[in-house]
Structures are given as structure tokens and as C-alpha cells.
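Participant: To be precise about what I am sending: the file is called entry17.txt and holds compact mmCIF, C-alpha atoms.
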# COMPACT_ATOMS: atom_id res chain seq x y z
CA MET A 1 -11.04 -91.80 -44.44
CA ASN A 2 -13.86 -89.74 -45.78
CA LEU A 3 -14.52 -86.05 -45.27
CA GLU A 4 -17.03 -86.63 -42.50
CA ASP A 5 -14.52 -88.53 -40.42
CA LEU A 6 -11.91 -85.87 -40.94
CA LEU A 7 -14.23 -83.12 -39.75
CA ARG A 8 -15.31 -85.04 -36.68
CA GLN A 9 -11.67 -85.65 -35.75
CA ALA A 10 -10.78 -81.97 -36.21
CA LEU A 11 -13.68 -80.64 -34.17
CA GLU A 12 -13.40 -83.15 -31.37
CA PRO A 13 -12.44 -81.39 -28.00
CA PRO A 14 -9.00 -82.31 -26.65
CA GLU A 15 -8.80 -84.32 -23.49
CA PRO A 16 -7.52 -82.33 -20.43
CA PRO A 17 -4.22 -83.39 -18.97
CA PRO A 18 -4.38 -85.78 -16.09
CA GLY A 19 -5.19 -84.14 -12.67
CA PHE A 20 -6.51 -80.92 -14.22
CA ALA A 21 -9.89 -81.07 -12.48
CA GLU A 22 -8.28 -81.70 -9.08
CA ARG A 23 -5.94 -78.74 -9.48
CA VAL A 24 -8.80 -76.38 -10.35
CA VAL A 25 -10.82 -77.48 -7.33
CA ALA A 26 -7.78 -77.12 -5.05
CA ARG A 27 -7.08 -73.53 -6.29
CA LEU A 28 -10.69 -72.47 -5.75
CA THR A 29 -10.65 -73.86 -2.23
CA ASP A 30 -7.41 -71.94 -1.37
CA GLU A 31 -8.71 -68.57 -2.62
CA ARG A 32 -11.91 -68.82 -0.64
CA ALA A 33 -10.05 -69.71 2.56
CA ALA A 34 -7.42 -66.92 2.50
CA PRO A 35 -8.37 -63.25 1.78
CA ARG A 36 -6.41 -61.45 -0.86
CA GLY A 37 -4.06 -58.83 0.61
CA GLY A 38 -2.01 -55.93 -0.75
CA ARG A 39 -4.51 -54.95 -3.40
CA SER A 40 -5.79 -51.67 -1.83
CA LEU A 41 -4.51 -49.06 0.65
CA ILE A 42 -7.23 -49.78 3.19
CA ARG A 43 -6.49 -53.51 3.15
CA TRP A 44 -2.81 -52.76 3.32
CA LEU A 45 -3.37 -50.60 6.42
CA VAL A 46 -5.44 -53.19 8.19
CA PRO A 47 -4.58 -54.29 10.72
CA SER A 48 -0.86 -53.60 11.29
CA HIS A 49 -0.92 -49.90 10.09
CA ARG A 50 -4.30 -48.93 11.44
CA TRP A 51 -2.72 -46.36 13.81
CA LEU A 52 -1.76 -44.24 10.78
CA VAL A 53 -5.35 -43.16 10.22
CA PRO A 54 -5.83 -41.13 13.47
CA VAL A 55 -2.28 -39.81 13.19
CA ALA A 56 -2.97 -38.54 9.69
CA ALA A 57 -6.27 -37.03 10.85
CA LEU A 58 -4.54 -35.28 13.76
CA MET A 59 -1.86 -33.95 11.44
CA LEU A 60 -4.49 -32.59 9.07
CA ILE A 61 -6.32 -30.92 11.97
CA ALA A 62 -3.04 -29.45 13.27
CA ILE A 63 -2.11 -28.11 9.84
CA GLY A 64 -5.58 -26.61 9.42
CA ALA A 65 -5.48 -25.00 12.84
CA GLY A 66 -2.01 -23.63 12.12
CA ARG A 67 -3.10 -22.14 8.85
CA TYR A 68 -6.15 -20.59 10.47
CA GLU A 69 -3.98 -19.05 13.21
CA VAL A 70 -1.59 -17.58 10.64
CA HIS A 71 -4.55 -16.16 8.71
CA ARG A 72 -6.11 -14.75 11.89
CA ARG A 73 -2.85 -13.07 12.92
CA ALA A 74 -2.45 -11.56 9.45
CA MET A 75 -6.00 -10.22 9.66
CA ASP A 76 -5.32 -8.79 13.15
CA ARG A 77 -2.13 -7.17 11.93
CA ARG A 78 -3.94 -5.70 8.94
CA ALA A 79 -6.71 -4.39 11.15
CA MET A 80 -4.15 -2.78 13.46
CA GLU A 81 -2.37 -1.20 10.51
CA GLY A 82 -5.71 0.08 9.28
CA GLU A 83 -6.58 1.59 12.65
CA ARG A 84 -3.15 3.22 12.83
CA ALA A 85 -3.54 4.57 9.31
CA LYS A 86 -7.00 5.87 10.16
CA ALA A 87 -5.66 7.67 13.23
CA GLN A 88 -2.87 9.16 11.11
CA VAL A 89 -5.33 10.32 8.48
CA LEU A 90 -7.54 11.93 11.11
CA ALA A 91 -4.58 13.63 12.75
CA ALA A 92 -3.36 14.90 9.38
CA LEU A 93 -6.81 16.20 8.51
CA GLU A 94 -7.10 17.89 11.87
CA ILE A 95 -3.77 19.68 11.46
CA THR A 96 -4.74 20.71 7.93
CA ARG A 97 -8.10 21.95 9.13
CA ASP A 98 -6.53 23.90 12.01
CA THR A 99 -4.09 25.51 9.62
CA LEU A 100 -6.94 26.45 7.31
CA HIS A 101 -8.69 28.00 10.28
CA VAL A 102 -5.70 30.28 10.74
CA VAL A 103 -6.25 31.45 7.17
CA GLN A 104 -9.96 31.93 7.78
CA ARG A 105 -9.23 33.87 10.97
CA SER A 106 -6.77 36.09 9.16
CA VAL A 107 -9.13 36.75 6.29
CA ARG A 108 -11.51 38.39 8.71
CA PRO A 109 -11.15 42.18 9.13
CA GLY A 110 -8.03 43.12 11.05
CA GLY A 111 -6.67 39.59 10.85
CA GLY A 112 -3.60 40.24 8.73
CA ARG A 113 -2.52 40.78 5.16
CA VAL A 114 -4.03 38.47 2.64
CA GLY A 115 -2.37 37.95 -0.68
CA GLY A 116 -2.73 35.37 -3.38
CA GLU A 117 -1.86 33.97 -6.76
CA LYS A 118 1.39 32.86 -8.09
CA GLY A 119 4.30 35.15 -8.70
CA GLU A 120 3.41 37.75 -6.14
CA PRO A 121 6.30 39.23 -4.25
CA GLN A 122 6.71 37.86 -0.77
CA MET B 18 45.45 -4.69 -42.04
CA THR B 19 41.94 -5.09 -43.41
CA CYS B 20 41.12 -7.30 -40.48
CA MET B 21 42.41 -4.66 -38.05
CA THR B 22 40.33 -1.98 -39.75
CA ARG B 23 37.23 -4.14 -39.54
CA MET B 24 37.90 -4.81 -35.85
CA THR B 25 38.20 -1.10 -35.16
CA TRP B 26 34.94 -0.46 -36.99
CA VAL B 27 33.13 -3.17 -35.02
CA THR B 28 34.56 -1.85 -31.76
CA ARG B 29 33.37 1.64 -32.61
CA MET B 30 29.92 0.29 -33.43
CA ILE B 31 29.71 -1.57 -30.11
CA ARG B 32 30.89 1.50 -28.21
CA GLY B 33 28.35 3.65 -30.01
CA VAL B 34 25.46 1.31 -29.23
CA ALA B 35 26.60 0.99 -25.62
CA GLY B 36 26.80 4.77 -25.35
CA VAL B 37 23.27 5.16 -26.69
CA CYS B 38 22.05 2.54 -24.22
CA VAL B 39 23.73 4.30 -21.31
CA LEU B 40 22.30 7.64 -22.44
CA LEU B 41 18.79 6.20 -22.75
CA THR B 42 19.06 4.58 -19.31
CA TYR B 43 20.29 7.82 -17.79
CA VAL B 44 17.49 9.81 -19.40
CA SER B 45 14.81 7.32 -18.39
CA LEU B 46 16.06 7.06 -14.81
CA GLY B 47 16.29 10.80 -14.59
CA ALA B 48 12.80 11.19 -15.97
CA VAL B 49 11.18 8.74 -13.54
CA PRO B 50 11.68 10.75 -10.33
CA ALA B 51 10.57 13.95 -12.04
CA TYR B 52 7.41 12.31 -13.28
CA ALA B 53 6.76 10.41 -10.06
CA GLN B 54 7.28 13.48 -7.95
CA GLY B 55 4.14 15.17 -9.28
CA ALA B 56 2.31 16.87 -6.46
CA LYS B 57 4.43 15.22 -3.80
CA LEU B 58 6.85 17.62 -2.21
CA GLN B 59 10.29 16.64 -1.03
CA LEU B 60 10.13 17.48 2.67
CA ASP B 61 12.95 15.31 3.98
CA ALA B 62 15.12 18.38 4.51
CA LEU B 63 12.81 19.39 7.36
CA ASN B 64 13.61 16.21 9.27
CA ARG B 65 16.70 17.82 10.74
CA PHE B 66 14.45 19.98 12.94
CA ALA B 67 13.11 16.91 14.68
CA ASP B 68 15.97 16.84 17.16
CA ARG B 69 15.61 20.52 18.02
CA ALA B 70 11.83 20.62 18.21
CA ALA B 71 9.88 20.31 21.44
CA GLU B 72 7.06 18.64 19.60
CA VAL B 73 7.11 16.83 16.30
CA VAL B 74 4.26 15.57 14.19
CA ASP B 75 5.41 13.65 11.16
CA ILE B 76 2.65 11.92 9.26
CA GLY B 77 3.01 10.13 5.98
CA VAL B 78 0.00 8.31 4.60
CA ASP B 79 0.55 6.92 1.13
CA THR B 80 -2.05 5.49 -1.24
CA THR B 81 -1.93 2.00 0.24
CA LEU B 82 -2.40 3.19 3.81
CA LEU B 83 -5.07 5.61 2.72
CA GLN B 84 -7.04 2.84 1.04
CA LEU B 85 -6.63 0.71 4.16
CA ALA B 86 -7.83 3.55 6.37
CA SER B 87 -10.69 4.51 4.08
CA ARG B 88 -12.20 1.06 4.48
CA LEU B 89 -12.45 1.67 8.22
CA PHE B 90 -14.52 4.81 7.85
CA SER B 91 -18.10 3.81 8.26
CA ASP B 92 -20.67 4.82 5.68
CA SER B 93 -23.46 4.67 8.23
CA GLN B 94 -21.96 7.33 10.51
CA PRO B 95 -22.38 10.77 8.97
CA ASP B 96 -19.05 12.18 10.25
CA GLU B 97 -17.05 9.27 8.97
CA ALA B 98 -19.00 9.16 5.73
CA THR B 99 -18.11 12.81 5.14
CA ILE B 100 -14.44 12.14 5.80
CA LYS B 101 -14.56 9.12 3.53
CA GLU B 102 -16.07 11.24 0.80
CA LEU B 103 -13.42 13.91 1.38
CA LEU B 104 -10.70 11.31 1.01
CA SER B 105 -12.17 9.70 -2.08
CA ALA B 106 -9.91 11.65 -4.44
CA VAL B 107 -6.91 11.84 -2.12
CA LYS B 108 -3.89 9.67 -2.88
CA GLY B 109 -1.61 10.68 -0.05
CA ILE B 110 -1.27 12.98 2.92
CA TYR B 111 2.04 14.16 4.29
CA VAL B 112 2.26 16.44 7.30
CA LYS B 113 5.27 17.76 9.14
CA ARG B 114 4.87 20.04 12.10
CA TYR B 115 7.59 21.20 14.44
CA LYS B 116 7.05 23.23 17.58
CA PHE B 117 10.07 24.83 19.13
CA ASN B 118 10.81 26.27 22.54
CA ALA B 119 12.69 29.23 21.11
CA ASP B 120 12.51 31.58 18.13
CA GLY B 121 14.78 31.33 15.13
CA VAL B 122 15.38 27.59 15.10
CA TYR B 123 14.40 27.45 11.47
CA GLN B 124 15.26 30.10 8.94
CA GLU B 125 13.39 31.73 6.08
CA ALA B 126 15.65 29.78 3.75
CA ASP B 127 14.19 26.52 5.07
CA VAL B 128 10.70 27.69 4.12
CA ASP B 129 12.01 28.93 0.79
CA ALA B 130 13.31 25.45 0.03
CA VAL B 131 9.75 24.19 0.17
CA ARG B 132 8.43 27.23 -1.70
CA ARG B 133 10.86 26.64 -4.55
CA GLN B 134 9.19 23.29 -5.21
CA LEU B 135 5.86 25.07 -5.33
CA ALA B 136 7.18 27.34 -8.05
CA ALA B 137 7.11 24.37 -10.43
CA PRO B 138 4.56 24.42 -13.27
CA GLY B 139 1.06 23.51 -12.19
CA TRP B 140 1.31 24.92 -8.68
CA SER B 141 -0.54 28.13 -7.86
CA ARG B 142 -0.65 30.00 -4.62
CA MET B 143 -4.27 30.43 -3.65
CA VAL B 144 -3.89 32.31 -0.41
CA GLN B 145 -1.10 34.03 1.44
CA VAL B 146 -1.58 35.41 4.91
CA LEU B 147 1.17 37.52 6.41
CA ASN B 148 1.16 38.81 9.94
CA LYS B 149 4.48 40.56 10.08
CA PRO B 150 4.26 41.96 13.60
CA GLN B 151 3.78 38.48 14.95
CA GLY B 152 5.99 36.87 12.33
CA GLU B 153 3.27 34.57 11.11
CA MET B 154 2.77 33.38 7.57
CA VAL B 155 0.36 30.92 6.00
CA GLU B 156 0.27 29.99 2.35
CA VAL B 157 -2.12 27.67 0.56
CA TYR B 158 -1.18 26.22 -2.80
CA SER B 159 -3.02 24.00 -5.25
CA ARG B 160 -1.71 22.07 -8.18
CA VAL B 161 -3.85 21.82 -11.29
CA GLU B 162 -3.02 19.52 -14.16
CA ASN B 163 -5.19 19.31 -17.27
CA GLY B 164 -7.99 21.07 -15.46
CA LYS B 165 -7.91 18.68 -12.53
CA THR B 166 -6.63 19.44 -9.06
CA THR B 167 -3.83 17.02 -8.32
CA GLY B 168 -2.43 18.36 -5.10
CA HIS B 169 -2.50 20.85 -2.28
CA ALA B 170 0.18 22.30 -0.09
CA ILE B 171 -0.06 24.44 3.01
CA ILE B 172 2.84 26.16 4.69
CA ALA B 173 2.28 27.73 8.08
CA ALA B 174 5.22 29.42 9.71
CA GLU B 175 5.33 31.05 13.10
CA PRO B 176 8.38 32.03 15.10
CA ARG B 177 8.15 28.84 17.12
CA GLU B 178 6.20 26.60 14.84
CA LEU B 179 6.54 25.32 11.32
CA THR B 180 3.86 23.25 9.61
CA VAL B 181 3.89 21.88 6.10
CA VAL B 182 0.96 19.91 4.72
CA ASN B 183 1.13 18.17 1.38
CA ILE B 184 -1.96 16.46 0.05
CA ILE B 185 -1.68 14.39 -3.11
CA GLY B 186 -4.87 14.33 -5.11
CA SER B 187 -7.86 16.51 -4.61
CA ILE B 188 -9.70 17.46 -1.45
CA ASP B 189 -12.40 20.01 -0.78
CA LEU B 190 -10.56 22.36 1.55
CA ALA B 191 -13.72 24.32 2.37
CA LYS B 192 -15.51 21.16 3.38
CA LEU B 193 -12.51 20.02 5.38
CA SER B 194 -12.38 23.35 7.15
CA ALA B 195 -16.07 23.04 8.00
CA LEU B 196 -15.53 19.67 9.66
CA GLU B 197 -14.93 21.27 13.02
CA GLY B 198 -15.99 19.11 15.91
CA GLN B 199 -16.94 16.18 13.73
CA PHE B 200 -13.76 14.17 13.76
CA GLY B 201 -14.29 12.52 17.09
CA ILE B 202 -10.56 12.30 17.70
CA PRO B 203 -8.62 13.83 20.56
CA ARG B 204 -7.39 17.31 19.77
CA LEU B 205 -3.72 17.61 19.09
CA PRO B 206 -1.95 20.39 20.96
CA THR B 207 -1.86 22.81 18.06
CA GLY B 208 -2.02 25.93 20.16
CA LYS B 209 -4.64 27.30 17.82
CA ARG B 210 -8.35 27.39 18.19
CA PRO B 211 -10.80 27.41 15.35
CA PRO B 212 -12.71 30.60 14.71
CA ASP B 213 -15.99 29.18 15.94
CA GLU B 214 -14.53 28.42 19.33
CA GLU B 215 -12.93 31.83 19.57
CA ASP B 216 -16.22 33.50 18.85
CA ARG B 217 -17.88 31.77 21.74
The structure given in the file should be rewritten as C-alpha cells.
Facilitator:
Amino acid sequence: MNLEDLLRQALEPPEPPPGFAERVVARLTDERAAPRGGRSLIRWLVPSHRWLVPVAALMLIAIGAGRYEVHRRAMDRRAMEGERAKAQVLAALEITRDTLHVVQRSVRPGGGRVGGEKGEPQ
Amino acid sequence: MTCMTRMTWVTRMIRGVAGVCVLLTYVSLGAVPAYAQGAKLQLDALNRFADRAAEVVDIGVDTTLLQLASRLFSDSQPDEATIKELLSAVKGIYVKRYKFNADGVYQEADVDAVRRQLAAPGWSRMVQVLNKPQGEMVEVYSRVENGKTTGHAIIAAEPRELTVVNIIGSIDLAKLSALEGQFGIPRLPTGKRPPDEEDR
């Protein structure tokens, strides 16, 4: 056996086992006929779990609405607190101003004794 | 014996360190209220008059509330803009006013308790008005710290009325006094009328 024969024998493709071609054709036919399932969430949901989609949407809407309501109430409460604080500030300023007016009134001639500065005898 | 001596030494060391820690804690805790007090007067002692007073006004607006309220004063309305400007350097307003149906419900000592706080460094009495025949007294104090006004206090005492105002921060009292008729809030029954109204 010369070198040429040896090379030809080594590079010669092997024969497939018997029935190989039939098995390949049969597999291809099966995959085309039946869709593949369980590979993605959407395919998993369809059709038996399709009802989950609107339920999830409703839950998201409900959660959003709830959060908005909580936020709105907090804003209302803060606004009320602010209004109350504003009224208190105005009332405090009015009392202060009225008291200062007593001083102003007294400073006028015949209004009373006016003193000042620290350390003076009472 | 050596071991016992060493133990005693370690115990003494631990006690010493613990004592220093306790002392430092005591000093720091004691220092905090004194520092925090600043221009804020302790007026809780006056609360006992609330039950005996015919009319009580007790207002306490701290920094947080003041900031909240300041946002509600409109810049576009001149009156509110003026008040907002007045309040810009104010950090708190505390007012207590008691009106009684009879004389002598509060004593001079009660007023003195407030005055004693105003004898602290920084406070100066700006004005004192005494009307002895009618038993009226008004005092205006300001607190200055490092050249900056940090507080005001007003005590007004009449036989049947006691008012204490404590403002933390700085406010232009002259401007506040000139705000007559610009507040747009219902008048509280103070029993006093401003000079302008009396002149009319």
C-alpha cells in the first residue's frame, strides 16, 4: 500500500449509520408540527394563564392609585398645618404689635413713665 | 500578692476612666440646654395660669412651623410680602397671654421669674413703661450676640392681663408696629386699641 492509498483511506468520509437520514427527516417534521412551549413567559402564559395579565394590570393601577391618595392626603395635611401655622404667626404678630402700641401710646406725653436699659431699678 | 496588687491597680484605672466619662457626659449634657436655650425663654411656669384665666392665648411657632407658614405668605401681595420679609430672620415666636376676671391672680414674683431670665448676658432692656396708678407695666428686651440681634422679649403686665412675647431671631419691631391694619386677620380681643385708632 503506497502513500497515496493511505491518504485516500484516511480522508474518506465515514458512512452514516443505517436509518440516519430517516431519523433526521422525522425530527424535522415533528418540530414543524408542534410549537415549542415553555421557553418564554408570554408563551408560558398563553393560553391557560392569560387571565393573569389584566389582574396584574389592575393590581398595578390599584397600587398607583393608593400611592397617589396617600401622597394627596399628606399634601393636604401639610397644607392644613401650614395654614394653621400661618394663622398662629399672624396672631402672634398681632399680639406683639398691640403690645408695642401700648409702649408707643405710653411714650407720648402724659402716657406714663418710660425707662430703659439694663440694670435700672424697677 | 503581686497579682492582687495588679488587679487593684487595673480596677482603679477602670474606675478612673469611668469617672472621667461620667463627668464628661454630665458636663456635655448640662451644657446642651444652656447653649440651646439662647434667646428662648422658659415660659412653662406661666402655664399654671391657664386654668384660672378667662382667656388664654398660647402660641408656639418653632422654626419648622415658621418655615412652613412663610411659604404661604404670598410675594405678590404687598401685606403678605412685608410680613414675609419681617419673618425672614425670625426662628421662632412664642406668645403667652392670660386675661383674668379678677385682680391679683398672678403675682409680681411670676413676672420676676421671667425677668430673671432676661438678666442673662446678651439681653438688654430697651424700653420700660410703668403706669403705677393703673398698675400697668410693659418692658421690651432685645438680645444681641456678636453684634447681631438674636431675640426679643416683651412683657406686658396689667392687673387683669399678663402677656409675654418671645421672638427668637431678629425682627424689625418698628416695622411690625407700623403694620396696623395690614394683617387681614380678625382682631383678637386684646382690649387695647392702637394709637392711630384712638386718635380718630
Participant: Smallest atom-to-atom distance to Ile184 (chain B): which of B:Thr25, B:Thr80, B:Gln124, B:Thr99, using only C-alpha atoms?
Facilitator: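 The shortest atom-to-atom distance to Ile184 (chain B) comes from B:Thr80.
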Participant: Here is a test: counting all atoms listed in the file, which residue of B:Gly33, B:Gly168, B:Pro150, B:Gly186 is nearest to chain A?
Facilitator: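 Comparing B:Gly33, B:Gly168, B:Pro150, B:Gly186 against chain A, the winner is B:Pro150.
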Participant: Set the distance at 10 Å and use all atoms listed in the file: which residues neighbour Ser105 (chain B) once local chain neighbours fewer than 2 positions away are removed? I'd like the list as JSON, numbers by chain.
Facilitator: {"B": [83, 84, 87, 99, 100, 101, 102, 103, 107, 108, 186, 187, 188]}
Participant: Taking only C-alpha atoms into account, name the residue in B:Ala170, B:Met30, B:Met154, B:Val112 that is nearest to Leu90 (chain A).
Facilitator: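 Ranked by minimum distance to Leu90 (chain A), first place goes to B:Val112.
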Participant: Where does chain B meet chain A within 6 Å, residue by residue, with the nearest atom pair and distance in Å to one decimal for each, counting only C-alpha atoms, listed by chain and rising number, as JSON lines?
Facilitator:
{"residue": "B:Leu82", "atom": "CA", "partner": "A:Ala85", "partner_atom": "CA", "distance": 5.8}
{"residue": "B:Leu85", "atom": "CA", "partner": "A:Gly82", "partner_atom": "CA", "distance": 5.2}
{"residue": "B:Ala86", "atom": "CA", "partner": "A:Lys86", "partner_atom": "CA", "distance": 4.5}
{"residue": "B:Ser141", "atom": "CA", "partner": "A:Lys118", "partner_atom": "CA", "distance": 5.1}
{"residue": "B:Arg142", "atom": "CA", "partner": "A:Glu117", "partner_atom": "CA", "distance": 4.7}
{"residue": "B:Met143", "atom": "CA", "partner": "A:Gly116", "partner_atom": "CA", "distance": 5.2}
{"residue": "B:Val144", "atom": "CA", "partner": "A:Gly116", "partner_atom": "CA", "distance": 4.4}
{"residue": "B:Gln145", "atom": "CA", "partner": "A:Gly115", "partner_atom": "CA", "distance": 4.6}
{"residue": "B:Val146", "atom": "CA", "partner": "A:Val114", "partner_atom": "CA", "distance": 4.5}
{"residue": "B:Leu147", "atom": "CA", "partner": "A:Arg113", "partner_atom": "CA", "distance": 5.1}
{"residue": "B:Asn148", "atom": "CA", "partner": "A:Gly112", "partner_atom": "CA", "distance": 5.1}
{"residue": "B:Ser194", "atom": "CA", "partner": "A:Arg97", "partner_atom": "CA", "distance": 4.9}
{"residue": "B:Pro211", "atom": "CA", "partner": "A:His101", "partner_atom": "CA", "distance": 5.5}
Participant: Export C-alpha atoms of the chosen residues as a PDB file, keeping the file's coordinate frame?
Facilitator:
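As written to disk, again-v4.pdb reads:
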ATOM      1  CA  LEU B  82      -2.400   3.190   3.810  1.00  0.00           C
ATOM      2  CA  LEU B  85      -6.630   0.710   4.160  1.00  0.00           C
ATOM      3  CA  ALA B  86      -7.830   3.550   6.370  1.00  0.00           C
ATOM      4  CA  SER B 141      -0.540  28.130  -7.860  1.00  0.00           C
ATOM      5  CA  ARG B 142      -0.650  30.000  -4.620  1.00  0.00           C
ATOM      6  CA  MET B 143      -4.270  30.430  -3.650  1.00  0.00           C
ATOM      7  CA  VAL B 144      -3.890  32.310  -0.410  1.00  0.00           C
ATOM      8  CA  GLN B 145      -1.100  34.030   1.440  1.00  0.00           C
ATOM      9  CA  VAL B 146      -1.580  35.410   4.910  1.00  0.00           C
ATOM     10  CA  LEU B 147       1.170  37.520   6.410  1.00  0.00           C
ATOM     11  CA  ASN B 148       1.160  38.810   9.940  1.00  0.00           C
ATOM     12  CA  SER B 194     -12.380  23.350   7.150  1.00  0.00           C
ATOM     13  CA  PRO B 211     -10.800  27.410  15.350  1.00  0.00           C
TER      14      PRO B 211
END
Participant: Kindly give the distance, in Å, that separates CA of Arg114 (chain B) and CA of Ile171 (chain B), rounded to a single decimal.
Facilitator: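 Between CA of Arg114 (chain B) and CA of Ile171 (chain B) the gap is 11.2 Å.
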Participant: Any idea what the distance is between CA of Asn64 (chain B) and CA of Lys113 (chain B)?
Facilitator: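 The value is 8.5 Å.
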Participant: Could you please determine the separation between CA of Val161 (chain B) and CA of Trp140 (chain B) in Å, to one decimal place?
Facilitator: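 CA of Trp140 (chain B) lies 6.6 Å from CA of Val161 (chain B).
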Participant: List the neighbours of Ala130 (chain B) out to 12 Å using only C-alpha atoms; skip same-chain residues closer than 6 positions along the sequence, and give me the result as a list of chain:residue names.
Facilitator: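 In the requested format, the answer is B:Leu58, B:Gln59, B:Leu60, B:Asp61, B:Ala62, B:Leu63, B:Tyr123, B:Gln124, B:Ala136, B:Ile172, B:Val181.
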Participant: Those residues you just picked out, can you put them in a file as a compact mmCIF listing (two decimals), in the coordinates of the input with C-alpha atoms?
Facilitator:
# COMPACT_ATOMS: atom_id res chain seq x y z
CA LEU B 58 6.85 17.62 -2.21
CA GLN B 59 10.29 16.64 -1.03
CA LEU B 60 10.13 17.48 2.67
CA ASP B 61 12.95 15.31 3.98
CA ALA B 62 15.12 18.38 4.51
CA LEU B 63 12.81 19.39 7.36
CA TYR B 123 14.40 27.45 11.47
CA GLN B 124 15.26 30.10 8.94
CA ALA B 136 7.18 27.34 -8.05
CA ILE B 172 2.84 26.16 4.69
CA VAL B 181 3.89 21.88 6.10
Participant: Name the closest residue to Gly121 (chain B) among the candidates B:Leu196, B:Ala191, B:Ile185, B:Leu179; distances are taken between atoms, counting only C-alpha atoms.
Facilitator: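 Residue with the minimum atom-to-atom distance to Gly121 (chain B): B:Leu179.
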Participant: Once N, CA, C and O atoms are restored for region 117-132 of chain B, what would the output be as an mmCIF file, in the coordinates of the input?
Facilitator:
data_model
loop_
_atom_site.group_PDB
_atom_site.id
_atom_site.type_symbol
_atom_site.label_atom_id
_atom_site.label_comp_id
_atom_site.auth_asym_id
_atom_site.auth_seq_id
_atom_site.Cartn_x
_atom_site.Cartn_y
_atom_site.Cartn_z
ATOM 1 N N PHE B 117 8.784 24.588 18.470
ATOM 2 C CA PHE B 117 10.070 24.830 19.130
ATOM 3 C C PHE B 117 9.868 25.604 20.435
ATOM 4 O O PHE B 117 8.852 26.302 20.617
ATOM 5 N N ASN B 118 10.864 25.525 21.285
ATOM 6 C CA ASN B 118 10.810 26.270 22.540
ATOM 7 C C ASN B 118 11.411 27.668 22.410
ATOM 8 O O ASN B 118 11.335 28.464 23.340
ATOM 9 N N ALA B 119 12.050 27.926 21.287
ATOM 10 C CA ALA B 119 12.690 29.230 21.110
ATOM 11 C C ALA B 119 12.478 29.714 19.675
ATOM 12 O O ALA B 119 12.200 28.906 18.768
ATOM 13 N N ASP B 120 12.620 30.999 19.474
ATOM 14 C CA ASP B 120 12.510 31.580 18.130
ATOM 15 C C ASP B 120 13.765 31.257 17.317
ATOM 16 O O ASP B 120 14.821 30.984 17.892
ATOM 17 N N GLY B 121 13.623 31.356 16.025
ATOM 18 C CA GLY B 121 14.780 31.330 15.130
ATOM 19 C C GLY B 121 15.447 29.977 14.953
ATOM 20 O O GLY B 121 16.590 29.914 14.507
ATOM 21 N N VAL B 122 14.775 28.916 15.309
ATOM 22 C CA VAL B 122 15.380 27.590 15.100
ATOM 23 C C VAL B 122 15.425 27.280 13.601
ATOM 24 O O VAL B 122 16.413 26.773 13.090
ATOM 25 N N TYR B 123 14.383 27.617 12.924
ATOM 26 C CA TYR B 123 14.400 27.450 11.470
ATOM 27 C C TYR B 123 14.522 28.825 10.814
ATOM 28 O O TYR B 123 14.173 29.844 11.430
ATOM 29 N N GLN B 124 15.021 28.837 9.637
ATOM 30 C CA GLN B 124 15.260 30.100 8.940
ATOM 31 C C GLN B 124 14.288 30.246 7.763
ATOM 32 O O GLN B 124 13.674 29.266 7.323
ATOM 33 N N GLU B 125 14.224 31.455 7.253
ATOM 34 C CA GLU B 125 13.390 31.730 6.080
ATOM 35 C C GLU B 125 13.821 30.859 4.897
ATOM 36 O O GLU B 125 12.988 30.417 4.098
ATOM 37 N N ALA B 126 15.124 30.596 4.851
ATOM 38 C CA ALA B 126 15.650 29.780 3.750
ATOM 39 C C ALA B 126 15.064 28.371 3.765
ATOM 40 O O ALA B 126 14.886 27.743 2.707
ATOM 41 N N ASP B 127 14.767 27.868 4.961
ATOM 42 C CA ASP B 127 14.190 26.520 5.070
ATOM 43 C C ASP B 127 12.781 26.508 4.460
ATOM 44 O O ASP B 127 12.386 25.543 3.816
ATOM 45 N N VAL B 128 12.045 27.578 4.702
ATOM 46 C CA VAL B 128 10.700 27.690 4.120
ATOM 47 C C VAL B 128 10.824 27.895 2.607
ATOM 48 O O VAL B 128 10.043 27.326 1.832
ATOM 49 N N ASP B 129 11.808 28.671 2.219
ATOM 50 C CA ASP B 129 12.010 28.930 0.790
ATOM 51 C C ASP B 129 12.307 27.643 0.016
ATOM 52 O O ASP B 129 11.928 27.511 -1.153
ATOM 53 N N ALA B 130 12.989 26.724 0.695
ATOM 54 C CA ALA B 130 13.310 25.450 0.030
ATOM 55 C C ALA B 130 12.040 24.702 -0.350
ATOM 56 O O ALA B 130 11.990 24.041 -1.388
ATOM 57 N N VAL B 131 11.037 24.822 0.487
ATOM 58 C CA VAL B 131 9.750 24.190 0.170
ATOM 59 C C VAL B 131 9.035 25.014 -0.901
ATOM 60 O O VAL B 131 8.466 24.474 -1.856
ATOM 61 N N ARG B 132 9.107 26.328 -0.738
ATOM 62 C CA ARG B 132 8.430 27.230 -1.700
ATOM 63 C C ARG B 132 8.955 27.039 -3.123
ATOM 64 O O ARG B 132 8.199 27.117 -4.079
#
